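Trainee: Just so it is clear, I am handing over entry.cif, which has mmCIF, C-alpha atoms and all ligand atoms.
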```cif
data_target
loop_
_atom_site.label_atom_id
_atom_site.label_comp_id
_atom_site.auth_asym_id
_atom_site.auth_seq_id
_atom_site.Cartn_x
_atom_site.Cartn_y
_atom_site.Cartn_z
CA MET M 1 110.28 -28.27 -0.47
CA ALA M 2 111.90 -26.00 2.08
CA GLY M 3 112.14 -27.73 5.47
CA SER M 4 112.14 -26.24 8.92
CA GLU M 5 109.76 -23.26 8.75
CA PRO M 6 105.96 -23.69 8.87
CA GLU M 7 104.04 -23.53 5.56
CA LEU M 8 103.15 -20.00 4.53
CA HIS M 9 100.24 -21.05 2.34
CA ILE M 10 97.07 -22.85 3.40
CA LYS M 11 95.21 -25.82 1.93
CA THR M 12 92.36 -24.20 -0.02
CA PRO M 13 88.89 -25.64 -0.70
CA LEU M 14 88.02 -27.48 -3.89
CA LEU M 15 84.32 -26.87 -4.49
CA GLU M 16 81.95 -28.14 -7.14
CA SER M 17 80.58 -25.12 -8.99
CA ILE M 18 76.98 -25.99 -9.76
CA PRO M 19 76.53 -23.02 -12.18
CA MET M 20 79.66 -24.08 -14.08
CA THR M 21 78.62 -27.72 -13.98
CA LYS M 22 75.32 -26.73 -15.63
CA ILE M 23 77.15 -24.94 -18.45
CA ALA M 24 79.84 -27.57 -19.02
CA GLY M 25 77.54 -30.57 -18.68
CA CYS M 26 79.94 -32.34 -16.33
CA PRO M 27 81.18 -31.70 -12.78
CA VAL M 28 83.36 -28.59 -12.66
CA TYR M 29 85.45 -27.99 -9.54
CA ILE M 30 86.98 -24.67 -8.59
CA LYS M 31 90.25 -24.63 -6.65
CA CYS M 32 89.78 -21.57 -4.47
CA ASP M 33 93.27 -20.14 -4.17
CA ASN M 34 91.70 -16.70 -3.83
CA MET M 35 91.38 -17.79 -0.18
CA GLN M 36 95.13 -17.84 0.43
CA PRO M 37 96.30 -15.34 3.07
CA THR M 38 97.64 -13.16 0.24
CA ALA M 39 94.49 -13.56 -1.92
CA SER M 40 96.24 -15.54 -4.65
CA PHE M 41 98.09 -18.81 -5.38
CA LYS M 42 101.36 -16.87 -5.50
CA ILE M 43 102.23 -17.49 -1.85
CA ARG M 44 102.67 -21.21 -2.62
CA GLY M 45 105.64 -20.68 -4.92
CA ILE M 46 106.94 -17.39 -3.61
CA GLY M 47 106.73 -18.68 -0.02
CA ASN M 48 108.77 -21.76 -0.94
CA ARG M 49 111.33 -19.61 -2.76
CA CYS M 50 111.70 -17.18 0.18
CA LYS M 51 112.07 -19.98 2.73
CA LYS M 52 114.78 -21.64 0.65
CA ALA M 53 116.57 -18.30 0.19
CA LEU M 54 116.59 -17.82 3.98
CA GLU M 55 117.98 -21.34 4.45
CA ALA M 56 120.67 -20.50 1.88
CA GLY M 57 121.78 -17.55 4.02
CA TYR M 58 120.12 -14.57 2.34
CA THR M 59 118.82 -12.00 4.82
CA ARG M 60 116.89 -9.56 2.60
CA ILE M 61 114.16 -10.03 0.00
CA ILE M 62 113.88 -7.95 -3.17
CA SER M 63 110.81 -8.66 -5.27
CA SER M 64 109.86 -7.34 -8.69
CA SER M 65 106.16 -7.74 -9.10
CA GLY M 66 103.07 -6.39 -10.78
CA GLY M 67 101.34 -6.99 -7.50
CA ASN M 68 100.49 -10.45 -6.25
CA ALA M 69 103.99 -11.91 -6.26
CA GLY M 70 105.21 -8.81 -4.44
CA TYR M 71 102.35 -9.07 -1.99
CA ALA M 72 103.25 -12.72 -1.38
CA ALA M 73 106.96 -11.88 -1.03
CA ALA M 74 106.19 -9.12 1.47
CA TYR M 75 103.96 -11.51 3.44
CA ALA M 76 106.60 -14.27 3.39
CA ALA M 77 109.33 -11.85 4.43
CA ARG M 78 107.19 -10.61 7.32
CA GLN M 79 106.49 -14.18 8.50
CA LEU M 80 110.16 -15.13 8.17
CA GLY M 81 111.42 -11.94 9.83
CA MET M 82 113.27 -10.64 6.76
CA PRO M 83 113.19 -7.04 5.45
CA ALA M 84 111.67 -6.72 1.97
CA THR M 85 111.79 -4.26 -0.92
CA VAL M 86 109.13 -4.65 -3.64
CA VAL M 87 109.55 -2.93 -7.01
CA VAL M 88 106.19 -2.53 -8.76
CA PRO M 89 105.49 -1.07 -12.23
CA GLU M 90 103.38 2.05 -12.72
CA SER M 91 100.48 -0.17 -13.87
CA THR M 92 100.04 -1.53 -10.33
CA PRO M 93 97.04 0.14 -8.64
CA LYS M 94 97.94 2.43 -5.73
CA PHE M 95 95.75 0.51 -3.30
CA MET M 96 97.77 -2.65 -4.07
CA ALA M 97 101.07 -0.85 -3.48
CA ASP M 98 99.61 0.38 -0.18
CA LYS M 99 98.63 -3.16 0.81
CA ILE M 100 102.21 -4.30 0.22
CA ARG M 101 103.48 -1.36 2.25
CA ASP M 102 101.08 -2.28 5.07
CA LEU M 103 102.90 -5.62 5.37
CA GLY M 104 106.02 -3.66 6.24
CA ALA M 105 107.79 -3.77 2.86
CA ASN M 106 109.53 -0.85 1.20
CA VAL M 107 107.69 -0.24 -2.11
CA ILE M 108 109.39 1.36 -5.13
CA VAL M 109 107.38 2.25 -8.24
CA HIS M 110 109.49 1.87 -11.40
CA GLY M 111 108.75 1.46 -15.14
CA LYS M 112 105.64 1.16 -17.27
CA VAL M 113 105.31 -2.65 -17.07
CA TRP M 114 106.77 -5.45 -14.94
CA ASP M 115 109.81 -6.11 -17.14
CA TYR M 116 111.25 -2.66 -16.35
CA ALA M 117 110.51 -3.01 -12.64
CA ASN M 118 112.41 -6.30 -12.75
CA GLN M 119 115.48 -4.68 -14.30
CA HIS M 120 115.51 -2.19 -11.47
CA ALA M 121 115.18 -4.96 -8.84
CA LEU M 122 118.18 -6.77 -10.35
CA GLN M 123 120.21 -3.56 -10.19
CA LEU M 124 119.32 -3.08 -6.51
CA ALA M 125 120.42 -6.63 -5.71
CA GLU M 126 123.78 -6.10 -7.39
CA GLU M 127 124.48 -3.44 -4.76
CA ASP M 128 123.61 -5.76 -1.83
CA PRO M 129 124.98 -9.34 -1.72
CA SER M 130 122.78 -10.24 1.27
CA ALA M 131 119.68 -9.66 -0.88
CA VAL M 132 117.94 -12.24 -3.05
CA VAL M 133 115.75 -11.22 -5.99
CA ILE M 134 112.49 -13.14 -5.95
CA HIS M 135 111.37 -13.52 -9.54
CA PRO M 136 107.56 -13.67 -9.76
CA PHE M 137 107.42 -16.67 -12.10
CA ASP M 138 110.78 -17.90 -13.45
CA HIS M 139 112.39 -20.09 -10.78
CA PRO M 140 112.28 -23.85 -9.98
CA ASP M 141 111.48 -23.16 -6.29
CA VAL M 142 108.47 -21.10 -7.38
CA TRP M 143 107.21 -23.90 -9.64
CA GLU M 144 107.81 -26.47 -6.89
CA GLY M 145 105.71 -24.42 -4.48
CA HIS M 146 102.88 -24.08 -7.00
CA GLU M 147 102.87 -27.90 -7.45
CA THR M 148 101.27 -28.21 -3.99
CA MET M 149 97.99 -27.03 -5.50
CA ILE M 150 97.74 -30.18 -7.64
CA LEU M 151 98.77 -32.44 -4.74
CA GLU M 152 95.86 -30.99 -2.75
CA ILE M 153 93.47 -31.44 -5.69
CA GLN M 154 94.44 -35.10 -6.00
CA ASP M 155 93.65 -35.60 -2.32
CA GLN M 156 90.39 -33.63 -2.55
CA LEU M 157 89.06 -35.53 -5.58
CA HIS M 158 89.18 -38.85 -3.66
CA GLY M 159 90.42 -41.08 -6.46
CA LYS M 160 88.71 -39.18 -9.31
CA LYS M 161 91.00 -37.94 -12.08
CA PRO M 162 90.27 -34.67 -13.87
CA ASP M 163 89.83 -34.78 -17.67
CA VAL M 164 91.10 -31.24 -17.97
CA VAL M 165 92.66 -28.57 -15.74
CA VAL M 166 92.08 -24.92 -16.65
CA THR M 167 94.50 -22.22 -15.60
CA CYS M 168 95.61 -18.80 -16.79
CA VAL M 169 99.11 -17.84 -17.95
CA GLY M 170 101.05 -14.67 -17.19
CA GLY M 171 104.77 -15.40 -17.17
CA GLY M 172 104.06 -19.13 -17.02
CA GLY M 173 105.08 -19.90 -13.42
CA LEU M 174 101.65 -21.14 -12.46
CA LEU M 175 101.47 -23.24 -15.62
CA CYS M 176 104.86 -24.84 -14.86
CA GLY M 177 103.74 -25.62 -11.31
CA VAL M 178 100.46 -27.13 -12.52
CA VAL M 179 102.23 -29.28 -15.13
CA GLN M 180 104.87 -30.46 -12.64
CA GLY M 181 102.18 -31.19 -10.05
CA LEU M 182 100.25 -33.27 -12.60
CA GLN M 183 103.44 -35.19 -13.35
CA ARG M 184 104.10 -35.79 -9.66
CA VAL M 185 100.69 -37.34 -9.05
CA GLY M 186 100.87 -39.45 -12.23
CA TRP M 187 98.41 -37.33 -14.22
CA SER M 188 100.81 -36.11 -16.91
CA ASP M 189 98.31 -37.08 -19.64
CA VAL M 190 95.68 -34.62 -18.31
CA PRO M 191 95.34 -31.70 -20.75
CA VAL M 192 95.87 -28.20 -19.37
CA VAL M 193 93.88 -25.37 -20.96
CA ALA M 194 96.11 -22.29 -20.70
CA MET M 195 94.05 -19.09 -20.81
CA GLU M 196 95.34 -15.65 -21.80
CA THR M 197 93.75 -12.45 -23.05
CA PHE M 198 94.43 -10.51 -26.26
CA GLY M 199 97.08 -7.92 -25.49
CA ALA M 200 98.79 -10.23 -22.98
CA GLU M 201 99.11 -13.40 -25.07
CA SER M 202 102.87 -13.98 -24.74
CA PHE M 203 102.48 -17.74 -24.16
CA ASN M 204 100.19 -18.27 -27.14
CA ALA M 205 102.59 -16.25 -29.32
CA ALA M 206 105.58 -18.30 -28.14
CA VAL M 207 103.87 -21.65 -28.75
CA LYS M 208 102.81 -20.51 -32.25
CA ALA M 209 106.32 -19.28 -33.10
CA GLY M 210 108.07 -22.26 -31.46
CA LYS M 211 110.32 -19.81 -29.62
CA LEU M 212 110.02 -17.11 -26.97
CA VAL M 213 108.28 -13.99 -28.24
CA THR M 214 108.50 -10.58 -26.56
CA LEU M 215 105.30 -8.58 -26.94
CA PRO M 216 105.75 -4.88 -27.73
CA ASP M 217 103.35 -3.84 -24.95
CA ILE M 218 100.62 -5.10 -22.64
CA THR M 219 97.30 -3.71 -23.78
CA SER M 220 94.99 -6.12 -21.93
CA MET M 221 93.10 -5.15 -18.77
CA CYS M 222 94.55 -8.33 -17.24
CA LYS M 223 97.67 -6.58 -16.03
CA CYS M 224 98.87 -9.50 -13.97
CA LEU M 225 98.92 -11.69 -17.09
CA GLY M 226 101.16 -9.00 -18.51
CA ALA M 227 104.62 -10.50 -18.78
CA LEU M 228 106.05 -9.39 -22.13
CA THR M 229 107.89 -12.74 -22.40
CA VAL M 230 106.97 -16.06 -20.76
CA CYS M 231 109.56 -18.25 -19.04
CA GLU M 232 111.51 -20.70 -21.19
CA LYS M 233 110.30 -23.65 -19.09
CA SER M 234 106.64 -23.03 -19.97
CA LEU M 235 107.51 -23.15 -23.68
CA GLU M 236 109.52 -26.33 -23.14
CA TYR M 237 106.56 -27.96 -21.36
CA SER M 238 104.22 -26.95 -24.19
CA SER M 239 106.08 -29.31 -26.51
CA LYS M 240 106.17 -32.18 -23.98
CA TYR M 241 102.74 -32.11 -22.37
CA PRO M 242 99.18 -31.65 -23.61
CA ILE M 243 98.88 -27.89 -23.06
CA ILE M 244 96.22 -26.07 -25.09
CA PRO M 245 96.78 -22.29 -25.33
CA CYS M 246 93.60 -20.23 -25.67
CA VAL M 247 93.17 -16.46 -25.98
CA VAL M 248 89.97 -14.60 -25.07
CA PRO M 249 88.98 -10.91 -25.24
CA ASP M 250 89.12 -8.83 -22.04
CA LYS M 251 85.33 -8.75 -22.10
CA ASP M 252 85.19 -12.51 -21.45
CA ALA M 253 87.68 -12.22 -18.59
CA ILE M 254 85.63 -9.45 -16.96
CA LYS M 255 82.45 -11.46 -17.49
CA GLY M 256 84.26 -14.33 -15.74
CA CYS M 257 84.95 -12.07 -12.74
CA LEU M 258 81.33 -10.89 -12.58
CA LYS M 259 80.01 -14.46 -12.81
CA LEU M 260 82.37 -15.73 -10.09
CA LEU M 261 81.18 -12.90 -7.88
CA ASP M 262 77.49 -13.63 -8.50
CA ASP M 263 77.77 -17.43 -8.45
CA HIS M 264 80.27 -17.89 -5.64
CA ARG M 265 80.70 -14.50 -3.94
CA ILE M 266 84.34 -14.60 -5.02
CA LEU M 267 86.02 -11.31 -6.05
CA VAL M 268 89.04 -11.95 -8.27
CA GLU M 269 91.32 -10.14 -10.71
CA PRO M 270 90.62 -10.25 -14.47
CA ALA M 271 93.48 -12.77 -14.87
CA CYS M 272 91.43 -15.22 -12.87
CA GLY M 273 88.30 -14.23 -14.76
CA ALA M 274 90.15 -15.32 -17.91
CA ALA M 275 90.48 -18.84 -16.48
CA ALA M 276 86.81 -18.88 -15.44
CA SER M 277 85.83 -17.76 -18.96
CA ALA M 278 86.92 -21.18 -20.25
CA VAL M 279 83.61 -22.39 -18.79
CA TYR M 280 81.49 -19.23 -18.71
CA SER M 281 82.24 -18.32 -22.36
CA ASP M 282 82.24 -22.01 -23.33
CA VAL M 283 85.82 -22.14 -24.61
CA LEU M 284 85.74 -25.80 -23.53
CA GLY M 285 82.81 -26.35 -25.92
CA GLU M 286 84.80 -24.79 -28.77
CA LEU M 287 87.80 -26.99 -27.98
CA LYS M 288 85.53 -30.05 -28.08
CA ALA M 289 84.14 -28.96 -31.46
CA GLU M 290 87.69 -28.52 -32.77
CA GLY M 291 88.58 -32.03 -31.55
CA LYS M 292 91.16 -30.65 -29.12
CA LEU M 293 89.25 -32.05 -26.12
CA PRO M 294 87.18 -35.25 -25.95
CA GLU M 295 83.45 -34.78 -26.56
CA LYS M 296 82.58 -36.32 -23.19
CA LEU M 297 84.33 -34.82 -20.16
CA GLY M 298 83.88 -36.44 -16.75
CA CYS M 299 85.50 -33.83 -14.51
CA VAL M 300 86.95 -30.35 -15.01
CA VAL M 301 89.10 -28.40 -12.54
CA VAL M 302 89.37 -24.61 -12.85
CA VAL M 303 92.22 -22.93 -10.96
CA VAL M 304 90.78 -19.86 -9.25
CA CYS M 305 94.13 -18.14 -8.90
CA GLY M 306 92.56 -15.10 -7.19
CA GLY M 307 94.42 -11.79 -7.06
CA GLY M 308 94.47 -8.97 -4.52
CA ALA M 309 94.68 -6.03 -6.93
CA ILE M 310 90.93 -5.69 -7.32
CA ASN M 311 88.05 -4.11 -5.44
CA LEU M 312 84.38 -3.70 -6.30
CA GLN M 313 84.86 -0.16 -7.61
CA GLN M 314 87.62 -1.31 -9.97
CA LEU M 315 85.61 -4.28 -11.23
CA LEU M 316 82.65 -1.99 -11.97
CA LYS M 317 84.99 0.29 -13.98
CA PHE M 318 86.17 -2.74 -16.02
CA LYS M 319 82.53 -3.77 -16.50
CA GLU M 320 81.63 -0.37 -17.88
CA ALA M 321 84.70 -0.24 -20.13
CA CYS M 322 83.64 -3.58 -21.64
CA ASN M 323 79.99 -2.50 -22.10
CA LEU M 324 78.80 -5.33 -19.90
N1 LIG M 401 101.16 -12.01 -11.48
C1 LIG M 401 102.57 -11.64 -11.43
C2 LIG M 401 103.15 -11.23 -12.72
O1 LIG M 401 102.66 -10.05 -13.25
C3 LIG M 401 102.86 -10.73 -10.27
O2 LIG M 401 103.88 -10.11 -10.28
O3 LIG M 401 102.10 -10.72 -9.32
N2 LIG M 401 96.88 -14.78 -11.55
C4 LIG M 401 97.27 -13.80 -10.73
C5 LIG M 401 96.29 -13.28 -9.75
C6 LIG M 401 98.59 -13.28 -10.82
O4 LIG M 401 98.97 -12.31 -10.01
C7 LIG M 401 99.47 -13.79 -11.80
C8 LIG M 401 100.85 -13.28 -11.96
C9 LIG M 401 99.01 -14.82 -12.63
C10 LIG M 401 97.71 -15.29 -12.47
C11 LIG M 401 99.87 -15.46 -13.66
O5 LIG M 401 100.86 -16.25 -13.07
P1 LIG M 401 102.20 -16.58 -13.83
O6 LIG M 401 102.93 -15.31 -14.05
O7 LIG M 401 102.91 -17.50 -12.90
O8 LIG M 401 101.81 -17.21 -15.11
C12 LIG M 401 103.22 -9.78 -14.54
#
```
Kindly return the structure encoded in the file as structure tokens.
Mentor:
Amino acid sequence: MAGSEPELHIKTPLLESIPMTKIAGCPVYIKCDNMQPTASFKIRGIGNRCKKALEAGYTRIISSSGGNAGYAAAYAARQLGMPATVVVPESTPKFMADKIRDLGANVIVHGKVWDYANQHALQLAEEDPSAVVIHPFDHPDVWEGHETMILEIQDQLHGKKPDVVVTCVGGGGLLCGVVQGLQRVGWSDVPVVAMETFGAESFNAAVKAGKLVTLPDITSMCKCLGALTVCEKSLEYSSKYPIIPCVVPDKDAIKGCLKLLDDHRILVEPACGAAASAVYSDVLGELKAEGKLPEKLGCVVVVVCGGGAINLQQLLKFKEACNL
């Protein structure tokens, strides 16, 4: 991990969710990374990456991000005293772009989805050697930062070991961090349920094909799961570790958001609702029935990755669109 600067992320609570425990029939813990200063887990990895870039002599941050990674990069840059430019795709809500701007970053809107915004960020960096491009999910420093979440969970479970960890997958950075964290604490045999939604299922498609697959478009409401192609590392890990890819409809992800709000007063993006749907829509039960998970689970951890690109009005629009 990067050395001299203070941590940019905080240690977040791990809470037993009684409503989820009732559904799953075993203790379910939620790792509340929605409580990070940037409303999502992203600051763990992006913060680590930015600190290391500063130590390496870079003086300017360029981020390409659908939202949360850019928000985290802008926050990190502000804390570290570096100027930041964040390139967001047109799919990023205006209020999110404004939030990034409020942190002092220069925001450029470019391209329909993240992949095109990223190309533009790379071009900008070519013109300025003092600038580092902070990739939202495909970098070892990002994965290393995300690992801290599992180190905290190990500490917070006081000697208990989870039987399964549930997370969602966009470009796969979070998944890589979770897997590496599990390795670091000696839990590499713990299965990871990797949740995606239809229309953003680039990880599921890659695992099925045995090679990286580029989706033609992102049609899911879970825009921040919307990387057309996942990172190579996440595919590599899928053949080495017990990772179970699962795809749910948007409706389940939105139901997950609504349930988290009602049960825990937590407002999160649909990406995070997709992870919660593993319990709320009983995906874990289906996996048990298919023999992919043991019939008796002793402890489940759900990564509440959070997300800042949501407000109540937006969630109600998603709810209506899904006839919920
Ligand atoms: N969001 C990325 C990539 O978008 C971004 O630029 O912010 N949960 C939340 C709240 C997220 O914002 C993201 C990624 C994920 C989950 C998925 O994380 P990943 O990409 O590391 O798998 C296209």
Trainee: Distance limit 6 Å, reference ligand LIG 401 (chain M), atoms considered: all atoms listed in the file. Which residues make the cut? Give them as a PyMOL selection string.
Mentor: chain M and resi 40+65-69+114+136-137+168-174+224-227+269+271-272+305-307
Trainee: Which one is closest to Lys99 (chain M): M:Pro294, M:Gly81, M:Pro140, M:Gly70? Count only C-alpha atoms.
Mentor: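 When distances to Lys99 (chain M) are compared using only C-alpha atoms, the smallest one comes from M:Gly70.
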Trainee: Using only C-alpha atoms, which protein or nucleic acid residues come within 9 Å of region 274-290 of chain M? Drop anything in the same chain fewer than 3 positions from it, and give the result as a PyMOL selection string.
Mentor: chain M and resi 20-21+23-24+28+30+166-169+193-197+222+244+246-250+252-257+259-260+269-271+293-296+302-305
Trainee: Could you tell me how far CA of Ala73 (chain M) sits from CA of Ala131 (chain M), in Å to one decimal place?
Mentor: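 If I compute the distance from CA of Ala131 (chain M) to CA of Ala73 (chain M), I get 12.9 Å.
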Trainee: Is it possible to get the residues within 7 Å of (105.3, -0.5, -9.4) (coordinates as in the file, counting all atoms listed in the file) written as number ranges by chain?
Mentor: M: 66, 87-92, 108-111, 117
Trainee: Separation of CA of Ile18 (chain M) and CA of Asp155 (chain M), in Å?
Mentor: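 So the two atoms, CA of Ile18 (chain M) and CA of Asp155 (chain M), lie 20.6 Å apart.
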Trainee: Here is a test: counting only C-alpha atoms, which residue of M:His135, M:Lys292, M:His146, M:Lys94 is nearest to Val192 (chain M)?
Mentor: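 Comparing M:His135, M:Lys292, M:His146, M:Lys94 against Val192 (chain M), the winner is M:Lys292.
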Trainee: Could you tell me, as a list in words, which residues have any atom at most 9 Å from (97.5, -33.5, -20.6), counting all atoms listed in the file?
Mentor: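 With a cut-off of 9 Å, the residues come to Asp163, Val164, Val165, Val179, Leu182, Trp187, Ser188, Asp189, Val190, Pro191, Val192, Val193, Tyr241, Pro242, Ile243 and Ile244 of chain M.
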Trainee: Produce the centre coordinates and the three edge lengths, each in Å to one decimal, of the box along x, y and z that contains all listed atoms of region 45-55 of chain M with 3 Å added on each side, as lines of an AutoDock Vina configuration file.
Mentor:
```
center_x = 111.8
center_y = -19.5
center_z = -0.2
size_x = 18.3
size_y = 10.6
size_z = 15.4
```
Trainee: From the list M:Ile43, M:Ala97, M:Leu324, M:Ile150, which residue is nearest Tyr75 (chain M) when using all atoms listed in the file?
Mentor: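 Using all atoms listed in the file, the shortest distance to Tyr75 (chain M) belongs to M:Ile43.
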Trainee: Can you tell me how far CA of Val185 (chain M) sits from CA of Cys299 (chain M), in Å to one decimal?
Mentor: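 Interatomic distance, CA of Val185 (chain M) to CA of Cys299 (chain M): 16.5 Å.
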Trainee: For each of M:Ile10, M:Leu80, M:Leu258, M:Leu215, take the minimum atom-to-atom distance to Glu320 (chain M), counting only C-alpha atoms, then give the residue where this is smallest.
Mentor: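 Answer, going by the shortest atom-to-atom distance: M:Leu258.
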Trainee: Pick out the closest residue to Leu122 (chain M) from this set: M:Ala321, M:Ile61, M:Gly45, M:Asp98. Count all atoms listed in the file.
Mentor: M:Ile61
Trainee: Smallest atom-to-atom distance to Gly104 (chain M): which of M:Ser238, M:Ser63, M:Asn48, M:Thr85, using all atoms listed in the file?
Mentor: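 Closest residue, counting all atoms listed in the file: M:Thr85.
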Trainee: Could you extract region 51-69 of chain M of the given structure into a file holding N, CA, C and O atoms, as a compact mmCIF listing (two decimals), in the first residue's frame?
Mentor:
```
# COMPACT_ATOMS: atom_id res chain seq x y z
N LYS M 51 -2.50 7.92 -4.60
CA LYS M 51 -1.38 8.17 -3.68
C LYS M 51 -0.07 7.64 -4.28
O LYS M 51 0.97 8.30 -4.22
N LYS M 52 -0.14 6.46 -4.86
CA LYS M 52 1.07 5.87 -5.46
C LYS M 52 1.53 6.68 -6.67
O LYS M 52 2.72 6.81 -6.92
N ALA M 53 0.56 7.23 -7.43
CA ALA M 53 0.91 8.04 -8.60
C ALA M 53 1.63 9.31 -8.15
O ALA M 53 2.62 9.74 -8.76
N LEU M 54 1.16 9.90 -7.05
CA LEU M 54 1.80 11.11 -6.50
C LEU M 54 3.23 10.77 -6.07
O LEU M 54 4.18 11.51 -6.38
N GLU M 55 3.37 9.65 -5.37
CA GLU M 55 4.71 9.22 -4.92
C GLU M 55 5.64 8.99 -6.11
O GLU M 55 6.84 9.19 -6.02
N ALA M 56 5.06 8.55 -7.24
CA ALA M 56 5.86 8.28 -8.43
C ALA M 56 6.19 9.56 -9.21
O ALA M 56 6.86 9.51 -10.23
N GLY M 57 5.67 10.69 -8.75
CA GLY M 57 6.06 11.97 -9.36
C GLY M 57 5.02 12.60 -10.27
O GLY M 57 5.25 13.68 -10.82
N TYR M 58 3.87 11.95 -10.44
CA TYR M 58 2.81 12.57 -11.26
C TYR M 58 2.20 13.74 -10.47
O TYR M 58 2.09 13.67 -9.24
N THR M 59 1.78 14.78 -11.19
CA THR M 59 1.25 15.94 -10.49
C THR M 59 -0.20 16.25 -10.88
O THR M 59 -0.80 17.17 -10.34
N ARG M 60 -0.75 15.49 -11.84
CA ARG M 60 -2.13 15.76 -12.26
C ARG M 60 -2.86 14.44 -12.50
O ARG M 60 -2.29 13.49 -13.03
N ILE M 61 -4.13 14.44 -12.09
CA ILE M 61 -4.95 13.22 -12.20
C ILE M 61 -5.92 13.38 -13.37
O ILE M 61 -6.61 14.41 -13.48
N ILE M 62 -5.98 12.36 -14.24
CA ILE M 62 -7.05 12.31 -15.24
C ILE M 62 -7.82 11.01 -15.01
O ILE M 62 -7.21 9.93 -14.97
N SER M 63 -9.11 11.12 -14.80
CA SER M 63 -9.91 9.92 -14.54
C SER M 63 -10.95 9.75 -15.63
O SER M 63 -11.54 10.73 -16.10
N SER M 64 -11.17 8.50 -16.04
CA SER M 64 -12.29 8.23 -16.94
C SER M 64 -13.26 7.42 -16.12
O SER M 64 -12.92 6.37 -15.62
N SER M 65 -14.45 7.93 -15.93
CA SER M 65 -15.34 7.21 -15.03
C SER M 65 -16.80 7.48 -15.27
O SER M 65 -17.20 8.63 -15.50
N GLY M 66 -17.58 6.41 -15.18
CA GLY M 66 -19.03 6.52 -15.24
C GLY M 66 -19.60 7.25 -14.04
O GLY M 66 -20.78 7.57 -14.00
N GLY M 67 -18.78 7.53 -13.07
CA GLY M 67 -19.28 8.27 -11.92
C GLY M 67 -18.47 8.05 -10.66
O GLY M 67 -17.69 8.91 -10.27
N ASN M 68 -18.62 6.88 -10.05
CA ASN M 68 -18.06 6.71 -8.71
C ASN M 68 -16.53 6.71 -8.67
O ASN M 68 -15.95 7.23 -7.73
N ALA M 69 -15.90 6.13 -9.69
CA ALA M 69 -14.44 6.15 -9.72
C ALA M 69 -13.95 7.58 -9.92
O ALA M 69 -12.96 8.00 -9.33
```
